[in-house]
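Q: Contents of coords19.cif (mmCIF, N, CA and C atoms):
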```cif
data_start
loop_
_atom_site.label_atom_id
_atom_site.label_comp_id
_atom_site.auth_asym_id
_atom_site.auth_seq_id
_atom_site.Cartn_x
_atom_site.Cartn_y
_atom_site.Cartn_z
N MET A 334 -25.66 22.53 22.37
CA MET A 334 -24.69 23.54 21.96
C MET A 334 -25.46 24.67 21.30
N GLY A 335 -25.06 25.89 21.63
CA GLY A 335 -25.76 27.05 21.12
C GLY A 335 -25.39 27.37 19.67
N GLU A 336 -26.13 28.32 19.17
CA GLU A 336 -25.89 28.77 17.79
C GLU A 336 -24.53 29.46 17.74
N ARG A 337 -23.83 29.27 16.66
CA ARG A 337 -22.51 29.88 16.51
C ARG A 337 -22.60 31.06 15.55
N PHE A 338 -21.74 32.02 15.79
CA PHE A 338 -21.62 33.14 14.86
C PHE A 338 -20.16 33.53 14.78
N SER A 339 -19.81 34.20 13.75
CA SER A 339 -18.41 34.57 13.51
C SER A 339 -18.06 35.85 14.24
N THR A 340 -16.88 35.82 14.83
CA THR A 340 -16.36 37.00 15.51
C THR A 340 -14.85 37.01 15.33
N SER A 341 -14.24 38.09 15.66
CA SER A 341 -12.80 38.22 15.49
C SER A 341 -12.14 38.28 16.86
N VAL A 342 -10.99 37.57 16.99
CA VAL A 342 -10.24 37.57 18.23
C VAL A 342 -8.79 37.86 17.87
N ASN A 343 -8.15 38.74 18.62
CA ASN A 343 -6.74 39.05 18.40
C ASN A 343 -5.91 38.26 19.40
N LEU A 344 -4.96 37.48 18.85
CA LEU A 344 -4.08 36.68 19.68
C LEU A 344 -2.65 37.18 19.56
N GLU A 345 -1.88 36.92 20.59
CA GLU A 345 -0.46 37.21 20.49
C GLU A 345 0.13 36.21 19.49
N ARG A 346 1.14 36.66 18.75
CA ARG A 346 1.73 35.85 17.68
C ARG A 346 2.20 34.49 18.21
N ASP A 347 2.88 34.48 19.38
CA ASP A 347 3.39 33.20 19.88
C ASP A 347 2.27 32.25 20.28
N HIS A 348 1.12 32.80 20.73
CA HIS A 348 -0.03 31.94 21.03
C HIS A 348 -0.59 31.33 19.75
N ALA A 349 -0.71 32.15 18.72
CA ALA A 349 -1.23 31.66 17.43
C ALA A 349 -0.27 30.62 16.84
N ASP A 350 1.03 30.89 16.94
CA ASP A 350 2.02 29.93 16.42
C ASP A 350 1.93 28.60 17.18
N TRP A 351 1.81 28.68 18.49
CA TRP A 351 1.69 27.47 19.30
C TRP A 351 0.46 26.66 18.89
N MET A 352 -0.66 27.35 18.70
CA MET A 352 -1.90 26.65 18.31
C MET A 352 -1.72 25.98 16.95
N ASP A 353 -1.02 26.66 16.05
CA ASP A 353 -0.76 26.07 14.73
C ASP A 353 0.14 24.84 14.86
N GLU A 354 1.20 24.95 15.66
CA GLU A 354 2.11 23.82 15.86
C GLU A 354 1.41 22.61 16.46
N GLU A 355 0.48 22.86 17.35
CA GLU A 355 -0.25 21.79 18.03
C GLU A 355 -1.50 21.35 17.27
N ASN A 356 -1.74 21.96 16.10
CA ASN A 356 -2.93 21.65 15.29
C ASN A 356 -4.22 21.84 16.08
N ILE A 357 -4.29 22.94 16.79
CA ILE A 357 -5.45 23.23 17.62
C ILE A 357 -6.39 24.15 16.84
N ASN A 358 -7.64 23.73 16.76
CA ASN A 358 -8.68 24.54 16.12
C ASN A 358 -8.97 25.73 17.05
N ARG A 359 -8.69 26.92 16.58
CA ARG A 359 -8.81 28.11 17.43
C ARG A 359 -10.22 28.33 17.94
N SER A 360 -11.21 28.18 17.07
CA SER A 360 -12.60 28.40 17.49
C SER A 360 -13.01 27.40 18.56
N GLU A 361 -12.70 26.13 18.35
CA GLU A 361 -13.05 25.11 19.34
C GLU A 361 -12.33 25.36 20.66
N PHE A 362 -11.06 25.76 20.55
CA PHE A 362 -10.26 26.02 21.75
C PHE A 362 -10.91 27.13 22.57
N ILE A 363 -11.22 28.21 21.93
CA ILE A 363 -11.80 29.36 22.65
C ILE A 363 -13.17 29.01 23.20
N ASN A 364 -14.02 28.35 22.40
CA ASN A 364 -15.34 27.94 22.88
C ASN A 364 -15.22 27.03 24.09
N GLU A 365 -14.30 26.07 24.03
CA GLU A 365 -14.13 25.12 25.14
C GLU A 365 -13.61 25.85 26.38
N LEU A 366 -12.66 26.76 26.20
CA LEU A 366 -12.15 27.50 27.36
C LEU A 366 -13.26 28.34 28.02
N ILE A 367 -14.05 28.97 27.21
CA ILE A 367 -15.14 29.79 27.77
C ILE A 367 -16.14 28.89 28.50
N THR A 368 -16.46 27.75 27.90
CA THR A 368 -17.39 26.81 28.54
C THR A 368 -16.81 26.34 29.88
N GLN A 369 -15.54 25.93 29.86
CA GLN A 369 -14.89 25.47 31.10
C GLN A 369 -14.83 26.59 32.13
N TYR A 370 -14.53 27.78 31.68
CA TYR A 370 -14.45 28.94 32.58
C TYR A 370 -15.79 29.18 33.26
N ARG A 371 -16.84 29.10 32.45
CA ARG A 371 -18.17 29.35 33.00
C ARG A 371 -18.58 28.22 33.96
N GLU A 372 -18.25 26.99 33.60
CA GLU A 372 -18.61 25.86 34.46
C GLU A 372 -17.82 25.86 35.77
N ASN A 373 -16.62 26.43 35.75
CA ASN A 373 -15.78 26.49 36.94
C ASN A 373 -15.90 27.82 37.66
N GLU A 374 -17.01 28.49 37.44
CA GLU A 374 -17.34 29.73 38.13
C GLU A 374 -16.23 30.77 38.05
N GLY A 375 -15.69 30.90 36.84
CA GLY A 375 -14.73 31.96 36.61
C GLY A 375 -13.31 31.63 37.00
N ARG A 376 -13.02 30.43 37.39
CA ARG A 376 -11.66 30.06 37.78
C ARG A 376 -10.91 29.58 36.53
N MET A 377 -10.15 30.48 35.95
CA MET A 377 -9.49 30.24 34.67
C MET A 377 -8.47 29.10 34.76
N GLU A 378 -7.69 29.06 35.83
CA GLU A 378 -6.66 28.03 35.94
C GLU A 378 -7.28 26.63 35.90
N GLU A 379 -8.40 26.45 36.62
CA GLU A 379 -9.08 25.16 36.59
C GLU A 379 -9.63 24.86 35.20
N ALA A 380 -10.14 25.87 34.54
CA ALA A 380 -10.68 25.70 33.20
C ALA A 380 -9.59 25.24 32.24
N ILE A 381 -8.43 25.87 32.34
CA ILE A 381 -7.31 25.52 31.45
C ILE A 381 -6.82 24.11 31.77
N GLN A 382 -6.70 23.79 33.05
CA GLN A 382 -6.24 22.46 33.43
C GLN A 382 -7.21 21.39 32.94
N LYS A 383 -8.50 21.64 33.09
CA LYS A 383 -9.49 20.68 32.65
C LYS A 383 -9.43 20.51 31.13
N TYR A 384 -9.30 21.61 30.40
CA TYR A 384 -9.21 21.54 28.94
C TYR A 384 -7.96 20.76 28.53
N ARG A 385 -6.83 21.05 29.15
CA ARG A 385 -5.58 20.37 28.80
C ARG A 385 -5.66 18.89 29.15
N ALA A 386 -6.28 18.56 30.29
CA ALA A 386 -6.44 17.16 30.68
C ALA A 386 -7.27 16.42 29.64
N GLU A 387 -8.33 17.04 29.16
CA GLU A 387 -9.17 16.41 28.12
C GLU A 387 -8.37 16.22 26.84
N GLN A 388 -7.54 17.20 26.51
CA GLN A 388 -6.69 17.08 25.32
C GLN A 388 -5.72 15.92 25.47
N LEU A 389 -5.10 15.81 26.62
CA LEU A 389 -4.14 14.73 26.87
C LEU A 389 -4.82 13.36 26.79
N LEU A 390 -6.02 13.27 27.33
CA LEU A 390 -6.75 12.00 27.25
C LEU A 390 -7.08 11.65 25.80
N GLU A 391 -7.45 12.64 25.03
CA GLU A 391 -7.74 12.43 23.61
C GLU A 391 -6.48 11.97 22.87
N GLU A 392 -5.35 12.62 23.17
CA GLU A 392 -4.08 12.23 22.54
C GLU A 392 -3.70 10.80 22.94
N ALA A 393 -3.93 10.47 24.21
CA ALA A 393 -3.62 9.11 24.68
C ALA A 393 -4.46 8.08 23.94
N ASN A 394 -5.73 8.38 23.76
CA ASN A 394 -6.61 7.47 23.01
C ASN A 394 -6.13 7.30 21.57
N GLU A 395 -5.72 8.40 20.95
CA GLU A 395 -5.22 8.32 19.58
C GLU A 395 -3.97 7.45 19.52
N LEU A 396 -3.07 7.63 20.49
CA LEU A 396 -1.85 6.82 20.52
C LEU A 396 -2.16 5.34 20.73
N GLU A 397 -3.13 5.06 21.60
CA GLU A 397 -3.52 3.67 21.81
C GLU A 397 -4.06 3.07 20.52
N ASN A 398 -4.88 3.84 19.80
CA ASN A 398 -5.43 3.35 18.53
C ASN A 398 -4.31 3.09 17.53
N GLU A 399 -3.34 4.01 17.48
CA GLU A 399 -2.20 3.82 16.58
C GLU A 399 -1.42 2.58 16.98
N GLY A 400 -1.27 2.39 18.29
CA GLY A 400 -0.55 1.23 18.80
C GLY A 400 -1.25 -0.07 18.41
N GLU A 401 -2.57 -0.08 18.51
CA GLU A 401 -3.34 -1.28 18.12
C GLU A 401 -3.18 -1.55 16.63
N GLN A 402 -3.22 -0.49 15.84
CA GLN A 402 -3.05 -0.65 14.39
C GLN A 402 -1.66 -1.20 14.09
N LYS A 403 -0.65 -0.68 14.78
CA LYS A 403 0.72 -1.16 14.56
C LYS A 403 0.86 -2.60 15.02
N LYS A 404 0.21 -2.97 16.12
CA LYS A 404 0.27 -4.36 16.59
C LYS A 404 -0.35 -5.29 15.54
N ARG A 405 -1.50 -4.89 14.98
CA ARG A 405 -2.15 -5.72 13.96
C ARG A 405 -1.27 -5.83 12.73
N LYS A 406 -0.64 -4.73 12.34
CA LYS A 406 0.25 -4.75 11.17
C LYS A 406 1.45 -5.66 11.44
N ALA A 407 2.01 -5.57 12.63
CA ALA A 407 3.15 -6.42 12.99
C ALA A 407 2.74 -7.89 12.97
N GLU A 408 1.55 -8.19 13.46
CA GLU A 408 1.08 -9.58 13.47
C GLU A 408 0.89 -10.09 12.05
N ARG A 409 0.35 -9.26 11.17
CA ARG A 409 0.20 -9.67 9.76
C ARG A 409 1.56 -9.95 9.13
N LYS A 410 2.55 -9.14 9.46
CA LYS A 410 3.90 -9.36 8.92
C LYS A 410 4.49 -10.66 9.46
N ARG A 411 4.26 -10.93 10.75
CA ARG A 411 4.75 -12.20 11.32
C ARG A 411 4.10 -13.39 10.62
N GLU A 412 2.79 -13.29 10.39
CA GLU A 412 2.09 -14.37 9.71
C GLU A 412 2.63 -14.58 8.30
N LYS A 413 2.87 -13.49 7.58
CA LYS A 413 3.40 -13.59 6.22
C LYS A 413 4.80 -14.22 6.25
N ALA A 414 5.62 -13.81 7.21
CA ALA A 414 6.97 -14.37 7.33
C ALA A 414 6.88 -15.87 7.60
N GLN A 415 5.97 -16.27 8.47
CA GLN A 415 5.82 -17.70 8.78
C GLN A 415 5.36 -18.47 7.54
N GLU A 416 4.43 -17.88 6.79
CA GLU A 416 3.98 -18.53 5.55
C GLU A 416 5.16 -18.73 4.60
N MET A 417 6.01 -17.70 4.50
CA MET A 417 7.17 -17.80 3.62
C MET A 417 8.14 -18.87 4.11
N LEU A 418 8.36 -18.92 5.42
CA LEU A 418 9.25 -19.94 5.98
C LEU A 418 8.67 -21.34 5.75
N ASP A 419 7.37 -21.47 5.95
CA ASP A 419 6.72 -22.77 5.71
C ASP A 419 6.86 -23.19 4.26
N ALA A 420 6.64 -22.23 3.35
CA ALA A 420 6.77 -22.52 1.92
C ALA A 420 8.20 -22.91 1.58
N SER A 421 9.16 -22.22 2.17
CA SER A 421 10.57 -22.51 1.94
C SER A 421 10.89 -23.92 2.42
N GLU A 422 10.38 -24.28 3.58
CA GLU A 422 10.61 -25.62 4.12
C GLU A 422 9.98 -26.68 3.23
N SER A 423 8.82 -26.37 2.71
CA SER A 423 8.13 -27.30 1.81
C SER A 423 8.95 -27.53 0.54
N VAL A 424 9.53 -26.44 0.01
CA VAL A 424 10.37 -26.56 -1.19
C VAL A 424 11.60 -27.41 -0.89
N LYS A 425 12.21 -27.17 0.28
CA LYS A 425 13.39 -27.96 0.67
C LYS A 425 13.03 -29.44 0.77
N GLU A 426 11.90 -29.73 1.38
CA GLU A 426 11.47 -31.12 1.54
C GLU A 426 11.23 -31.76 0.18
N GLN A 427 10.58 -31.01 -0.71
CA GLN A 427 10.32 -31.55 -2.05
C GLN A 427 11.64 -31.80 -2.79
N THR A 428 12.60 -30.91 -2.62
CA THR A 428 13.90 -31.09 -3.25
C THR A 428 14.59 -32.35 -2.72
N ARG A 429 14.47 -32.57 -1.39
CA ARG A 429 15.05 -33.78 -0.80
C ARG A 429 14.41 -35.04 -1.39
N VAL A 430 13.09 -35.01 -1.53
CA VAL A 430 12.36 -36.15 -2.10
C VAL A 430 12.80 -36.37 -3.55
N ASP A 431 12.89 -35.28 -4.32
CA ASP A 431 13.31 -35.39 -5.72
C ASP A 431 14.72 -35.95 -5.83
N LEU A 432 15.62 -35.48 -4.96
CA LEU A 432 17.00 -35.99 -4.98
C LEU A 432 17.05 -37.47 -4.63
N ASP A 433 16.25 -37.87 -3.64
CA ASP A 433 16.21 -39.29 -3.27
C ASP A 433 15.71 -40.14 -4.43
N GLU A 434 14.68 -39.65 -5.11
CA GLU A 434 14.14 -40.40 -6.26
C GLU A 434 15.18 -40.49 -7.37
N ALA A 435 15.91 -39.38 -7.61
CA ALA A 435 16.94 -39.40 -8.65
C ALA A 435 18.05 -40.39 -8.28
N ARG A 436 18.47 -40.36 -7.02
CA ARG A 436 19.52 -41.28 -6.56
C ARG A 436 19.08 -42.73 -6.76
N GLU A 437 17.85 -43.05 -6.33
CA GLU A 437 17.34 -44.41 -6.45
C GLU A 437 17.30 -44.85 -7.92
N ALA A 438 16.80 -43.96 -8.78
CA ALA A 438 16.71 -44.30 -10.20
C ALA A 438 18.09 -44.56 -10.79
N LEU A 439 19.05 -43.73 -10.45
CA LEU A 439 20.41 -43.91 -10.98
C LEU A 439 21.08 -45.15 -10.40
N GLU A 440 20.85 -45.41 -9.12
CA GLU A 440 21.45 -46.60 -8.49
C GLU A 440 20.85 -47.88 -9.05
N GLU A 441 19.51 -47.88 -9.27
CA GLU A 441 18.85 -49.07 -9.81
C GLU A 441 19.35 -49.38 -11.21
N ALA A 442 19.64 -48.32 -11.97
CA ALA A 442 20.14 -48.51 -13.34
C ALA A 442 21.66 -48.69 -13.35
N ASN A 443 22.26 -48.62 -12.16
CA ASN A 443 23.71 -48.76 -12.03
C ASN A 443 24.45 -47.76 -12.94
N VAL A 444 24.00 -46.49 -12.88
CA VAL A 444 24.57 -45.43 -13.70
C VAL A 444 25.63 -44.69 -12.90
N PRO A 445 26.83 -44.51 -13.46
CA PRO A 445 27.86 -43.74 -12.76
C PRO A 445 27.46 -42.26 -12.68
N LEU A 446 27.90 -41.59 -11.61
CA LEU A 446 27.57 -40.17 -11.42
C LEU A 446 28.49 -39.30 -12.28
N ASP A 447 28.11 -39.23 -13.55
CA ASP A 447 28.88 -38.47 -14.53
C ASP A 447 27.92 -37.47 -15.18
N PRO A 448 28.21 -36.17 -15.08
CA PRO A 448 27.29 -35.15 -15.63
C PRO A 448 27.03 -35.30 -17.13
N SER A 449 27.91 -35.98 -17.85
CA SER A 449 27.70 -36.12 -19.30
C SER A 449 26.81 -37.32 -19.62
N ASN A 450 26.51 -38.15 -18.64
CA ASN A 450 25.68 -39.34 -18.86
C ASN A 450 24.23 -38.91 -19.13
N PRO A 451 23.60 -39.45 -20.19
CA PRO A 451 22.22 -39.07 -20.51
C PRO A 451 21.23 -39.34 -19.37
N ALA A 452 21.41 -40.42 -18.62
CA ALA A 452 20.50 -40.71 -17.50
C ALA A 452 20.65 -39.66 -16.41
N VAL A 453 21.87 -39.22 -16.15
CA VAL A 453 22.11 -38.17 -15.15
C VAL A 453 21.47 -36.87 -15.63
N LYS A 454 21.62 -36.57 -16.91
CA LYS A 454 21.01 -35.35 -17.47
C LYS A 454 19.50 -35.39 -17.31
N THR A 455 18.88 -36.55 -17.58
CA THR A 455 17.43 -36.68 -17.45
C THR A 455 17.00 -36.48 -16.00
N GLN A 456 17.68 -37.13 -15.07
CA GLN A 456 17.33 -36.98 -13.66
C GLN A 456 17.55 -35.54 -13.18
N ALA A 457 18.62 -34.91 -13.67
CA ALA A 457 18.89 -33.51 -13.29
C ALA A 457 17.75 -32.61 -13.75
N GLU A 458 17.28 -32.86 -14.96
CA GLU A 458 16.16 -32.06 -15.50
C GLU A 458 14.91 -32.28 -14.65
N ASN A 459 14.67 -33.53 -14.23
CA ASN A 459 13.50 -33.84 -13.39
C ASN A 459 13.56 -33.11 -12.05
N VAL A 460 14.76 -32.97 -11.52
CA VAL A 460 14.95 -32.33 -10.21
C VAL A 460 15.02 -30.81 -10.33
N GLY A 461 15.33 -30.32 -11.53
CA GLY A 461 15.43 -28.87 -11.72
C GLY A 461 16.83 -28.35 -11.44
N LEU A 462 17.82 -29.22 -11.66
CA LEU A 462 19.21 -28.83 -11.47
C LEU A 462 19.98 -29.09 -12.75
N THR A 463 21.17 -28.55 -12.82
CA THR A 463 22.06 -28.90 -13.93
C THR A 463 22.64 -30.27 -13.59
N PRO A 464 23.12 -31.00 -14.59
CA PRO A 464 23.74 -32.31 -14.30
C PRO A 464 24.89 -32.20 -13.31
N VAL A 465 25.70 -31.15 -13.42
CA VAL A 465 26.82 -30.97 -12.50
C VAL A 465 26.30 -30.76 -11.07
N GLU A 466 25.27 -29.91 -10.92
CA GLU A 466 24.70 -29.67 -9.59
C GLU A 466 24.13 -30.95 -8.99
N LEU A 467 23.43 -31.74 -9.83
CA LEU A 467 22.86 -33.00 -9.35
C LEU A 467 23.96 -33.93 -8.84
N VAL A 468 25.00 -34.09 -9.63
CA VAL A 468 26.10 -34.98 -9.24
C VAL A 468 26.72 -34.48 -7.93
N GLU A 469 26.95 -33.17 -7.82
CA GLU A 469 27.54 -32.62 -6.59
C GLU A 469 26.66 -32.89 -5.38
N LYS A 470 25.35 -32.66 -5.53
CA LYS A 470 24.44 -32.87 -4.40
C LYS A 470 24.37 -34.33 -4.01
N LEU A 471 24.31 -35.21 -5.00
CA LEU A 471 24.26 -36.63 -4.70
C LEU A 471 25.57 -37.10 -4.04
N GLN A 472 26.69 -36.56 -4.47
CA GLN A 472 27.97 -36.91 -3.85
C GLN A 472 28.05 -36.36 -2.43
N GLU A 473 27.57 -35.12 -2.23
CA GLU A 473 27.55 -34.54 -0.88
C GLU A 473 26.71 -35.40 0.04
N ASP A 474 25.51 -35.79 -0.44
CA ASP A 474 24.62 -36.62 0.37
C ASP A 474 25.25 -37.98 0.65
N GLY A 475 25.95 -38.51 -0.35
CA GLY A 475 26.61 -39.81 -0.19
C GLY A 475 27.73 -39.73 0.84
N ASP A 476 28.44 -38.60 0.84
CA ASP A 476 29.53 -38.41 1.81
C ASP A 476 28.98 -38.26 3.23
N ALA A 477 27.78 -37.67 3.33
CA ALA A 477 27.17 -37.42 4.63
C ALA A 477 26.66 -38.72 5.25
N GLU A 478 26.38 -39.71 4.43
CA GLU A 478 25.78 -40.96 4.95
C GLU A 478 26.78 -41.83 5.63
#
```
Please rewrite the model in this file as structure tokens.

A:
Amino acid sequence: MGERFSTSVNLERDHADWMDEENINRSEFINELITQYRENEGRMEEAIQKYRAEQLLEEANELENEGEQKKRKAERKREKAQEMLDASESVKEQTRVDLDEAREALEEANVPLDPSNPAVKTQAENVGLTPVELVEKLQEDGDAE
């Protein structure tokens, strides 16, 4: 690439506005058009088509890169969601185990399912429920059996 120097070019307002809207670097645009024009032996239409084709390919590459980034981001979100679902399932399973242990302990001690009973209160605390919630869950499970 040759040495560059500053010069002034007058553009029509709508051309300048278009270049601004498209985020086109004016100096690069003009240099590229002149290069393409010279390489195409003065055929301006071919020079413009070649320049625009190169721009489109560049835009396509940028979109593909954005698409890959979005795919990776989506995959990370799916993985996080699965981790959350797995953790939720683990908590549910642990709650089932805790409820089974509470039921067994209360049945072995032949304790009635009464929220005011001290043994029920102790088991409820172990499970992380209120005594009323524990009794309701144990009764629901008993009805389901």

Q: Quick one: distance from atom C of Arg429 (chain A) to atom N of Arg411 (chain A) in Å, one decimal?

A: 28.8 Å

Q: When you draw a straight line from atom C of Val430 (chain A) to atom N of Glu412 (chain A), how long is it in Å?

A: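 A separation of 28.8 Å between them.
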
Q: Step by step: start from the point (12.1, -32.9, -13.0) in the file's coordinates, keep every protein, DNA or RNA residue that has an atom no farther than 12 Å from it, count only C-alpha atoms, and write the set as a VMD selection string.

A: chain A and resid 427 to 428 430 to 432 434 to 435 453 to 464 467

Q: Would you mind reading off the distance between atom N of Lys403 (chain A) and atom C of Gln415 (chain A), one decimal, in Å?

A: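 That distance, rounded to one decimal, is 20.1 Å.
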
Q: So which one's closest to Ser360 (chain A), A:Ala420, A:Lys470, A:Phe338, A:Leu396? Using only C-alpha atoms, please.

A: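 Between A:Ala420, A:Lys470, A:Phe338, A:Leu396, the residue approaching Ser360 (chain A) most closely is A:Phe338.
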
Q: Tell me which of A:Lys406, A:Asp350, A:Tyr384, A:Ala452 sits closest to Glu365 (chain A), counting all atoms listed in the file.

A: A:Tyr384

Q: Compare A:Lys404, A:Leu471, A:Ile357, A:Ile363 by their minimum atom-to-atom distance to Ser341 (chain A), counting only C-alpha atoms, and give me the closest one.

A: A:Ile363
